[in-house]
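Asker: This is the structure, below, for whatever I ask next.
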Amino acid sequence: MKREKPKLVSEDGVRHDGRRLDELRPVKMEVGVLSNASGSAYVEFGKTRVIAAVYGPREPPQRYMVLPHRAVLRCRYHMAPFSTDERKNPAPSRREIEISKVIREALEPVVMSEAFPRTSIDVFIEVISADGGTRTAALNAASLALADAGVPMRDLVAAVAVGKVDGYLVLDIDQVEDNYGEADMPVAMAPSLNMVTLLQLNGVLSPQEFSQALNLALKGVNEVYKLQKETLRNKYLVRVE
Amino acid sequence: MSVTPTSPDSIIPRLKAETLSSLTKKGVRADGRGLEDFREVKIITNYLPKADGSALVKLGDTQVLVGVKIELGSPYPDTPEEGVLVVSAEFVPTASPAFEPGPPDENAIELARVIDRVLREYGVIDTSKLAIIPGRKAWVVWIDIYVLDHGGNLIDASAIATLAALLTTRIPKYTVSENELIQVDKSSFSGPLPVVRKAVTVTIGKLGDSLIVDPTIEEEKVVSSKLIVGVGEDGSIAGLQKSGDGYLTLQEVEKAIQLALKKGGELLAKIAESVKSPEATSAGSAGTPSVEGEKPPESNA
Amino acid sequence: MGAQTEQRVERVLVTPGDKLAEGDYKILTPTTAYRVGTSYYSSIVGLLELNPQEKSLKVIPLKGSYYPRVGDVVIGIVSDVGLTNWELDIRAPFPGILYAVDYLGRAINPSKENLKDFLDVGDVIVGKVEVFDRTRNPVISTKGKEFGKVVDGALVEISPVKIPRLIGKKGSMQSLIESETNCKLIIGNNGRVLVLCEDKRYEEIVVRAIRKIDVEAHISGLTDRVKEFILVEKVKRGLVGNEERKA
């Protein structure tokens with residue numbers, strides 16, 4: 001599925017956009033960006049931009065869709081029609097359905113849903129600009145939005161994707177690297193608790209490459225985690241005259 | 001939108017959960033298997049008379065039927081010299097009280113996409129051999145996974161059936177006339193589908209603190225999360241998918257992958273063994289399935 | 001005025017997953033912190049109050065929605081009228097239930113009496129959460145003279161987690177506002193406050209003071225700032241007559 005394949009990594013380990021192999025794209029994170037949601041966040045990784053909103057814990061629209069001992073998590077990952085190179089049909093695709101599932105499953109182990117029986121905690125993520133790594137950016141935003149809403153969680157979830165491009169293992173792949181690369185591996189963790197909550201691999205890696213890729217992902221996850229914590233703190237560390 | 005499952009089928013009595021948990025701590029399972037043992041796999045190829053390739057797989061109580069149809073279509077614009085691969089899965093309502101009629105839900109979609117990625121990324125089918133008129137006409141390989149009975153571990157059963165079906169799929173005979181009209185003659189075949197590498201999936205479940213292979217439907221209710229590993233015949237990792245509401249530690253991830261690669265190799269050998277070569281067509285009208293002396297599945301009590 | 005000076009407690013801002021302490025502590029605020037082995041972690045964004053002498057820890061949330069607890073005072077708005085009870089919007093994931101027999105103090109005959117005649121949609125009620133066992137909706141009681149239907153006053157909504165700050169230690173913040181403005185506050189744990197002022201001109205001042213507390217609850221020195229704020233607002237409105245301005 002490849003056209004004329006561009007060279008994406010030079011011999012001295014410099015990527016097509018000037019980054020080193022283990023460097024994240026420029027990251028921007030902000031919480032409390034929406035007025036109606038219980039919690040919200042805006043996250044940028046390079047040209048990938050997402051907004052996440054959390055509503056709840058609240059009564060779900062269908063009163064029967066509850067569990068007696070815990071809250072139900074409802075999670076929607078959706079791409080806006082103008083987010084991609086070619087306009088994307090707004091109807092949910094199979095890809096969006098799968099990603100909604102893996103994102104929900106990445107949040108379930110950390111959200112303390114037992115604290116709110118018979119309610120629904122809704123997480124809505126919109127990708128407004130897609131340039132690779134949308135599901136990891138989405139998960140990072142969802143995690144921040146939940147914290148911003150005051151939903152108790154055992155830890156934040158931090159995510160990043162590792163790729164294999166021109167034979168090199170690289171951190172935080174963008175769209176070009178994803179399209180022409182040999183492997184794309186998104187990883188999400190609750191770092192303080194050594195919990196891997198999302199792990200996918202699209203591509204082929206030898207067992208040795210996998211171990212290296214996992215280490216590289218861990219480095220990226222820890223960097224993202226730090227940024228998330230800073231973002232949450234910055235909201236409240238305000239001086240008052 | 002993905003929602004935490006609320007159906008009563010997902011609730012297992014605590015007593016049962018504790019029993020399964022304590023058994024695995026001792027290294028055994030309810031059906032007597034070891035933690036790393038697969039159930040017995042039965043593979044029947046050429047099961048469907050109207051498909052170009054097919055296989056029925058029985059893995060314990062799980063039964064999955066895969067039908068492959070090769071149809072004329074157009075190549076994707078950015079790969080004009082390659083055929084097209086489409087993988088879909090249906091969890092039919094016959095298979096379980098939990099399956100409702102309707103379009104594939106997130107579980108069926110996930111299953112289809114995971115298997116699609118493994119086949120595609122590992123290059124199981126040489127799609128470059130499936131172009132007919134570059135840029136205009138190519139073969140489309142439609143792989144339809146039909147889950148008939150849910151006894152646990154649908155993904156591995158589906159992956160086994162898919163590979164077995166592909167290995168016995170034949171491309172219909174066709175002729176191209178001067179004005180590029182293509183005539184397909186389904187009553188005979190031009191050759192086998194170019195399957196050049198083999199891959200399968202192995203699902204490792206985390207039950208309590210133990211890792212188990214090939215969970216049954218009862219075990220799946222207690223398993224907190226699974227790691228689905230795509231295993232290539234050369235020992236590569238051809239895909240990964242963590243699935244389920246739980247988590248794995250970094251160490252469990254590494255351990256699960258090692259275990260999966262080992263079991264995957266065993267599965268691939270078993271599949272190769274039980275597949276008959278598609279060249280050995282039966283006499284008379286080709287297209288008659290050569291069932292290996294097996295009757296259709298009996299209804300399970 | 002003799003308002004209690006605020007204790008300058010060292011409060012540390014924590015985020016989910018932050019380790020709070022090691023050892024054997026008592027968590028005073030369940031769901032905002034949890035324990036794994038001998039380590040304690042925060043589960044929210046909040047302010048940590050660690051008391052090493054009493055071996056207790058508390059995390060004060062900076063944001064959160066209202067989840068009912070038995071004994072809470074709530075200000076509810078009637079959202080539905082039934083045959084023998086009303087449903088109240090109490091800003092929780094579930095509606096509150098007010099039984100007619102509780103509100104009226106007597107049994108009623110649904111075929112002869114219409115509950116609409118007593119309380120209708122939109123009416124404001126102050127009550128107490130009497131029963132909430134998580135298997136059904138919280139039951140609200142209006143028995144007691146401080147409870148019942150509200151007919152006057154301004155209704156303010158703030159974040160439920162800021163209510164303790166509005167009340168203050170031993171009611172100090174509430175007393176401060178009430179005494180400086182001659183108004184009465186009815187404070188619901190569900191994030192609703194009723195402001196009742198004899199002199200309506202003070203009502204707006206109180207409402208703005210409450211909103212200020214909502215925004216600045218986590219910043220120390222709040223009591224002094226609120227006191228100053230009320231004074232400035234009174235001066236602006238010409239309500240400080242011949243009173244001397246206190247330094």
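Letters A, B, ... mark the chains of the structure tokens in the order given; residue numbers begin at 1 per chain; ligand numbers begin at 1, in order shown.
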Could the residues of chain C that have an atom at most 10 Å from chain A be listed as a tab-separated table, each with its closest atom pair and the distance in Å to one decimal, counting only C-alpha atoms and ordered by chain and ascending residue number?
Answerer:
residue	atom	partner	partner_atom	distance
C:Leu13	CA	A:Arg233	CA	7.1
C:Val14	CA	A:Arg233	CA	7.8
C:Thr15	CA	A:Lys229	CA	6.6
C:Pro16	CA	A:Asp155	CA	4.8
C:Gly17	CA	A:Asp155	CA	3.9
C:Asp18	CA	A:Asp155	CA	7.7
C:Lys19	CA	A:Ser192	CA	8.5
C:Pro30	CA	A:Ala115	CA	9.2
C:Thr31	CA	A:Pro152	CA	6.5
C:Thr32	CA	A:Pro152	CA	6.3
C:Ala33	CA	A:Pro152	CA	8.4
C:Tyr34	CA	A:Arg154	CA	7.7
C:Arg35	CA	A:Arg154	CA	9.7
C:Val36	CA	A:Leu193	CA	9.5
C:Tyr41	CA	A:Arg154	CA	7.5
C:Ser42	CA	A:Arg154	CA	7.3
C:Ser43	CA	A:Met153	CA	4.7
C:Ile44	CA	A:Pro152	CA	5.1
C:Val45	CA	A:Ala147	CA	6.4
C:Gly46	CA	A:Gly150	CA	8.8
C:Pro61	CA	A:Gly150	CA	7.2
C:Leu62	CA	A:Gly150	CA	7.4
C:Lys63	CA	A:Gly150	CA	5.0
C:Gly64	CA	A:Gly150	CA	4.5
C:Ser65	CA	A:Pro57	CA	7.3
C:Tyr66	CA	A:Pro57	CA	8.9
C:Tyr67	CA	A:Phe116	CA	7.9
C:Arg91	CA	A:Arg58	CA	9.3
C:Ala92	CA	A:Arg58	CA	7.1
C:Pro93	CA	A:Arg58	CA	4.1
C:Phe94	CA	A:Glu59	CA	6.2
C:Pro95	CA	A:Glu59	CA	9.1
C:Arg134	CA	A:Pro117	CA	6.8
C:Thr135	CA	A:Pro68	CA	7.1
C:Arg136	CA	A:Arg118	CA	9.2
C:Asn137	CA	A:Arg118	CA	10.0
C:Val161	CA	A:Gly150	CA	9.7
C:Glu216	CA	A:Val240	CA	8.5
C:His218	CA	A:Tyr236	CA	8.0
C:Ile219	CA	A:Val240	CA	7.8
C:Ser220	CA	A:Val240	CA	9.5
C:Gly221	CA	A:Val240	CA	9.9
C:Arg225	CA	A:Glu241	CA	9.6
Asker: Next, dump the selected residues to file, keeping only C-alpha atoms, as a compact mmCIF listing (two decimals), in the first residue's frame.
Answerer:
# COMPACT_ATOMS: atom_id res chain seq x y z
CA LEU C 13 -1.75 20.42 45.43
CA VAL C 14 -1.92 16.79 44.36
CA THR C 15 -3.06 15.00 41.21
CA PRO C 16 -4.29 11.44 40.57
CA GLY C 17 -1.53 8.90 41.08
CA ASP C 18 0.56 11.18 43.31
CA LYS C 19 1.97 9.34 46.29
CA PRO C 30 -12.96 8.28 51.08
CA THR C 31 -12.78 8.09 47.26
CA THR C 32 -10.29 10.97 47.12
CA ALA C 33 -7.36 8.81 48.22
CA TYR C 34 -6.61 5.10 48.30
CA ARG C 35 -4.08 2.70 49.65
CA VAL C 36 -1.90 0.04 48.03
CA TYR C 41 -2.15 7.75 46.55
CA SER C 42 -4.42 10.57 45.53
CA SER C 43 -7.28 9.79 43.17
CA ILE C 44 -8.22 13.39 42.36
CA VAL C 45 -6.87 16.87 41.78
CA GLY C 46 -7.07 18.41 45.22
CA PRO C 61 -11.33 18.14 46.03
CA LEU C 62 -11.17 21.22 43.85
CA LYS C 63 -13.84 19.99 41.53
CA GLY C 64 -16.59 17.42 41.69
CA SER C 65 -20.26 16.77 41.29
CA TYR C 66 -22.75 16.17 44.07
CA TYR C 67 -23.26 12.62 45.32
CA ARG C 91 -28.10 18.32 41.26
CA ALA C 92 -27.23 14.67 41.75
CA PRO C 93 -27.18 11.77 39.28
CA PHE C 94 -30.55 10.78 40.74
CA PRO C 95 -33.68 12.77 41.56
CA ARG C 134 -27.71 3.14 46.45
CA THR C 135 -30.42 0.79 45.24
CA ARG C 136 -33.06 3.45 44.89
CA ASN C 137 -33.30 7.21 44.65
CA VAL C 161 -17.08 20.72 46.77
CA GLU C 216 -10.95 31.17 45.11
CA HIS C 218 -8.27 26.86 47.32
CA ILE C 219 -6.25 30.05 47.78
CA SER C 220 -5.24 30.79 51.35
CA GLY C 221 -6.22 34.01 53.07
CA ARG C 225 -10.28 38.72 51.31
Asker: Can you tell me, as a CSV table (one decimal) with C-alpha atoms, in the first residue's frame, which residues in stretch 97-255 of chain B count as helix (DSSP H, G or I) by DSSP?
Answerer:
chain,number,residue,atom,x,y,z
B,106,GLU,CA,-17.6,-3.6,18.7
B,107,ASN,CA,-16.4,-7.1,19.6
B,108,ALA,CA,-17.1,-8.4,16.1
B,109,ILE,CA,-15.5,-5.4,14.6
B,110,GLU,CA,-12.4,-5.7,16.8
B,111,LEU,CA,-12.1,-9.4,15.9
B,112,ALA,CA,-12.3,-8.7,12.2
B,113,ARG,CA,-9.8,-5.8,12.3
B,114,VAL,CA,-7.3,-7.7,14.4
B,115,ILE,CA,-7.2,-10.6,12.0
B,116,ASP,CA,-7.2,-8.3,9.0
B,117,ARG,CA,-4.1,-6.4,10.4
B,118,VAL,CA,-2.2,-9.7,11.1
B,119,LEU,CA,-2.9,-11.0,7.5
B,120,ARG,CA,-2.1,-7.7,5.9
B,121,GLU,CA,0.9,-6.6,7.8
B,122,TYR,CA,2.6,-10.0,7.8
B,127,THR,CA,-1.7,-9.4,-3.3
B,128,SER,CA,0.6,-8.3,-6.0
B,129,LYS,CA,-0.3,-11.5,-7.8
B,130,LEU,CA,-4.0,-10.6,-7.7
B,154,LEU,CA,-13.4,-16.6,19.3
B,155,ILE,CA,-10.4,-14.8,18.0
B,156,ASP,CA,-8.0,-17.7,17.9
B,157,ALA,CA,-10.6,-20.0,16.5
B,158,SER,CA,-11.4,-17.4,13.8
B,159,ALA,CA,-7.7,-16.9,13.0
B,160,ILE,CA,-7.2,-20.7,12.6
B,161,ALA,CA,-10.3,-21.0,10.4
B,162,THR,CA,-9.2,-18.1,8.3
B,163,LEU,CA,-5.7,-19.4,7.6
B,164,ALA,CA,-7.0,-22.9,6.9
B,165,ALA,CA,-9.6,-21.5,4.5
B,166,LEU,CA,-7.1,-19.3,2.7
B,167,LEU,CA,-4.7,-22.2,2.3
B,217,ILE,CA,-16.4,-18.9,27.8
B,218,GLU,CA,-16.6,-19.4,31.6
B,219,GLU,CA,-13.0,-18.5,32.1
B,220,GLU,CA,-13.5,-15.4,29.9
B,221,LYS,CA,-16.0,-14.0,32.4
B,222,VAL,CA,-13.3,-14.1,35.1
B,250,LEU,CA,5.0,-4.6,31.8
B,251,GLN,CA,6.4,-7.9,33.0
B,252,GLU,CA,3.1,-9.8,32.2
B,253,VAL,CA,3.2,-8.3,28.7
B,254,GLU,CA,6.7,-9.7,28.0
B,255,LYS,CA,5.7,-13.1,29.5
Asker: Restrict the calculation to only C-alpha atoms, then for each residue of chain B with any atom at most 6 Å from an atom of chain A give the closest atom pair and their distance in Å to one decimal, rows by chain and rising residue number, as JSON lines.
Answerer:
{"residue": "B:Met1", "atom": "CA", "partner": "A:Arg76", "partner_atom": "CA", "distance": 4.4}
{"residue": "B:Ser2", "atom": "CA", "partner": "A:Cys75", "partner_atom": "CA", "distance": 5.1}
{"residue": "B:Val3", "atom": "CA", "partner": "A:Arg74", "partner_atom": "CA", "distance": 4.4}
{"residue": "B:Thr4", "atom": "CA", "partner": "A:Val72", "partner_atom": "CA", "distance": 5.4}
{"residue": "B:Thr79", "atom": "CA", "partner": "A:Met1", "partner_atom": "CA", "distance": 5.4}
{"residue": "B:Glu110", "atom": "CA", "partner": "A:Glu98", "partner_atom": "CA", "distance": 5.6}
{"residue": "B:Glu121", "atom": "CA", "partner": "A:Gly203", "partner_atom": "CA", "distance": 5.0}
{"residue": "B:Ser236", "atom": "CA", "partner": "A:Ser206", "partner_atom": "CA", "distance": 4.7}
{"residue": "B:Ile237", "atom": "CA", "partner": "A:Leu205", "partner_atom": "CA", "distance": 5.2}
{"residue": "B:Ala238", "atom": "CA", "partner": "A:Val204", "partner_atom": "CA", "distance": 4.5}
{"residue": "B:Gly239", "atom": "CA", "partner": "A:Leu201", "partner_atom": "CA", "distance": 4.8}
{"residue": "B:Leu240", "atom": "CA", "partner": "A:Leu201", "partner_atom": "CA", "distance": 4.5}
{"residue": "B:Gln241", "atom": "CA", "partner": "A:Gln200", "partner_atom": "CA", "distance": 4.4}
{"residue": "B:Lys242", "atom": "CA", "partner": "A:Leu199", "partner_atom": "CA", "distance": 5.1}
{"residue": "B:Gly244", "atom": "CA", "partner": "A:Glu105", "partner_atom": "CA", "distance": 5.8}
{"residue": "B:Asp245", "atom": "CA", "partner": "A:Glu105", "partner_atom": "CA", "distance": 4.7}
{"residue": "B:Gly246", "atom": "CA", "partner": "A:Pro109", "partner_atom": "CA", "distance": 5.2}
{"residue": "B:Tyr247", "atom": "CA", "partner": "A:Thr197", "partner_atom": "CA", "distance": 4.8}
{"residue": "B:Leu248", "atom": "CA", "partner": "A:Val196", "partner_atom": "CA", "distance": 5.1}
{"residue": "B:Thr249", "atom": "CA", "partner": "A:Met195", "partner_atom": "CA", "distance": 4.9}
Asker: For the selection you just gave me, I'd like the residues written to a file as an mmCIF file, in the first residue's frame, keeping C-alpha atoms.
Answerer:
data_model
loop_
_atom_site.group_PDB
_atom_site.id
_atom_site.type_symbol
_atom_site.label_atom_id
_atom_site.label_comp_id
_atom_site.auth_asym_id
_atom_site.auth_seq_id
_atom_site.Cartn_x
_atom_site.Cartn_y
_atom_site.Cartn_z
ATOM 1 C CA MET B 1 -19.833 4.773 21.306
ATOM 2 C CA SER B 2 -18.339 2.090 23.496
ATOM 3 C CA VAL B 3 -20.225 1.294 26.712
ATOM 4 C CA THR B 4 -19.310 -0.856 29.710
ATOM 5 C CA THR B 79 -2.074 0.370 -5.019
ATOM 6 C CA GLU B 110 -12.408 -5.718 16.797
ATOM 7 C CA GLU B 121 0.935 -6.578 7.826
ATOM 8 C CA SER B 236 7.866 -12.551 14.539
ATOM 9 C CA ILE B 237 5.171 -10.674 16.387
ATOM 10 C CA ALA B 238 2.695 -9.926 13.619
ATOM 11 C CA GLY B 239 0.222 -7.944 15.683
ATOM 12 C CA LEU B 240 -0.876 -7.121 19.208
ATOM 13 C CA GLN B 241 -4.140 -6.145 20.832
ATOM 14 C CA LYS B 242 -4.769 -5.753 24.523
ATOM 15 C CA GLY B 244 -10.711 -6.144 28.091
ATOM 16 C CA ASP B 245 -11.331 -3.862 31.062
ATOM 17 C CA GLY B 246 -8.277 -4.844 33.053
ATOM 18 C CA TYR B 247 -4.566 -4.204 32.750
ATOM 19 C CA LEU B 248 -1.272 -6.043 32.388
ATOM 20 C CA THR B 249 2.001 -5.154 34.024
#
Asker: What gap, in Å, lies between atom CA of A:Ile51 and atom CA of C:Ile213?
Answerer: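 A separation of 28.9 Å between them.
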Asker: Show me, as a list of chain:residue names, the residues that have an atom within 10 Å of B:Val140 when counting only C-alpha atoms, minus same-chain residues fewer than 5 positions from it.
Answerer: B:Lys69, B:Ile70, B:Glu71, B:Leu72, B:Gly73, B:Ser74, B:Pro75, B:Glu82, B:Gly83, B:Val84, B:Leu85, B:Val86, B:Thr127, B:Leu130, B:Ala131
Asker: Would you mind reading off the distance between atom CA of C:Lys116 and atom CA of C:Val78, one decimal, in Å?
Answerer: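 Value for the atom CA of C:Lys116-atom CA of C:Val78 distance: 10.4 Å.
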Asker: When DSSP works through the backbone of this structure, what residues of stretch 46-240 of chain B end up as strand (DSSP E), shown as number ranges by chain?
Answerer: B: 53-59, 62-73, 84-91, 131-133, 137-149, 170-176, 182-192, 199-207, 210-213, 225-232, 237-240
Asker: Separation of atom CA of C:Gly76 and atom CA of C:Val226, in Å?
Answerer: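 Taking atom CA of C:Gly76 as the start and atom CA of C:Val226 as the end point, the length is 27.1 Å.
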Asker: Quick one: everything within 10 Å of A:Ala161, counting only C-alpha atoms, minus sequence neighbours fewer than 3 positions away in the same chain. Send it as a PyMOL selection string.
Answerer: chain A and resi 24+132-137+170-174+178+184-188+199-201+213-214+216-217+220-221
Asker: Go ahead and dump the residues you just picked, C-alpha atoms, as an mmCIF file, in the first residue's frame.
Answerer:
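This is the output file selection00.cif:
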data_model
loop_
_atom_site.group_PDB
_atom_site.id
_atom_site.type_symbol
_atom_site.label_atom_id
_atom_site.label_comp_id
_atom_site.auth_asym_id
_atom_site.auth_seq_id
_atom_site.Cartn_x
_atom_site.Cartn_y
_atom_site.Cartn_z
ATOM 1 C CA LEU A 24 8.055 13.784 21.021
ATOM 2 C CA GLY A 132 -0.986 10.409 13.305
ATOM 3 C CA GLY A 133 -1.200 9.284 16.926
ATOM 4 C CA THR A 134 -4.824 10.351 17.289
ATOM 5 C CA ARG A 135 -5.834 7.559 19.613
ATOM 6 C CA THR A 136 -2.986 8.209 22.030
ATOM 7 C CA ALA A 137 -3.644 11.965 21.974
ATOM 8 C CA VAL A 170 10.990 5.996 16.751
ATOM 9 C CA LEU A 171 8.827 7.698 19.336
ATOM 10 C CA ASP A 172 5.506 9.475 18.630
ATOM 11 C CA ILE A 173 5.043 8.761 14.943
ATOM 12 C CA ASP A 174 3.199 11.241 12.790
ATOM 13 C CA ASP A 178 2.649 5.784 10.061
ATOM 14 C CA ASP A 184 2.889 1.286 14.630
ATOM 15 C CA MET A 185 2.538 0.445 18.313
ATOM 16 C CA PRO A 186 0.365 2.623 20.561
ATOM 17 C CA VAL A 187 0.962 2.068 24.300
ATOM 18 C CA ALA A 188 -0.883 3.515 27.298
ATOM 19 C CA LEU A 199 -1.347 -2.004 23.749
ATOM 20 C CA GLN A 200 -1.714 -2.553 20.037
ATOM 21 C CA LEU A 201 0.674 -3.399 17.259
ATOM 22 C CA ALA A 213 10.048 -0.589 21.394
ATOM 23 C CA LEU A 214 8.403 -1.113 24.762
ATOM 24 C CA LEU A 216 11.090 3.546 24.121
ATOM 25 C CA ALA A 217 7.338 3.728 24.737
ATOM 26 C CA GLY A 220 7.598 8.584 26.063
ATOM 27 C CA VAL A 221 4.828 7.668 28.493
#
Asker: Within 8 Å of C:Gly153, counting only C-alpha atoms, which residues show up once you throw out same-chain ones fewer than 3 positions away? Write them as an NGL selection string, please.
Answerer: :C and (150 or 194-197)
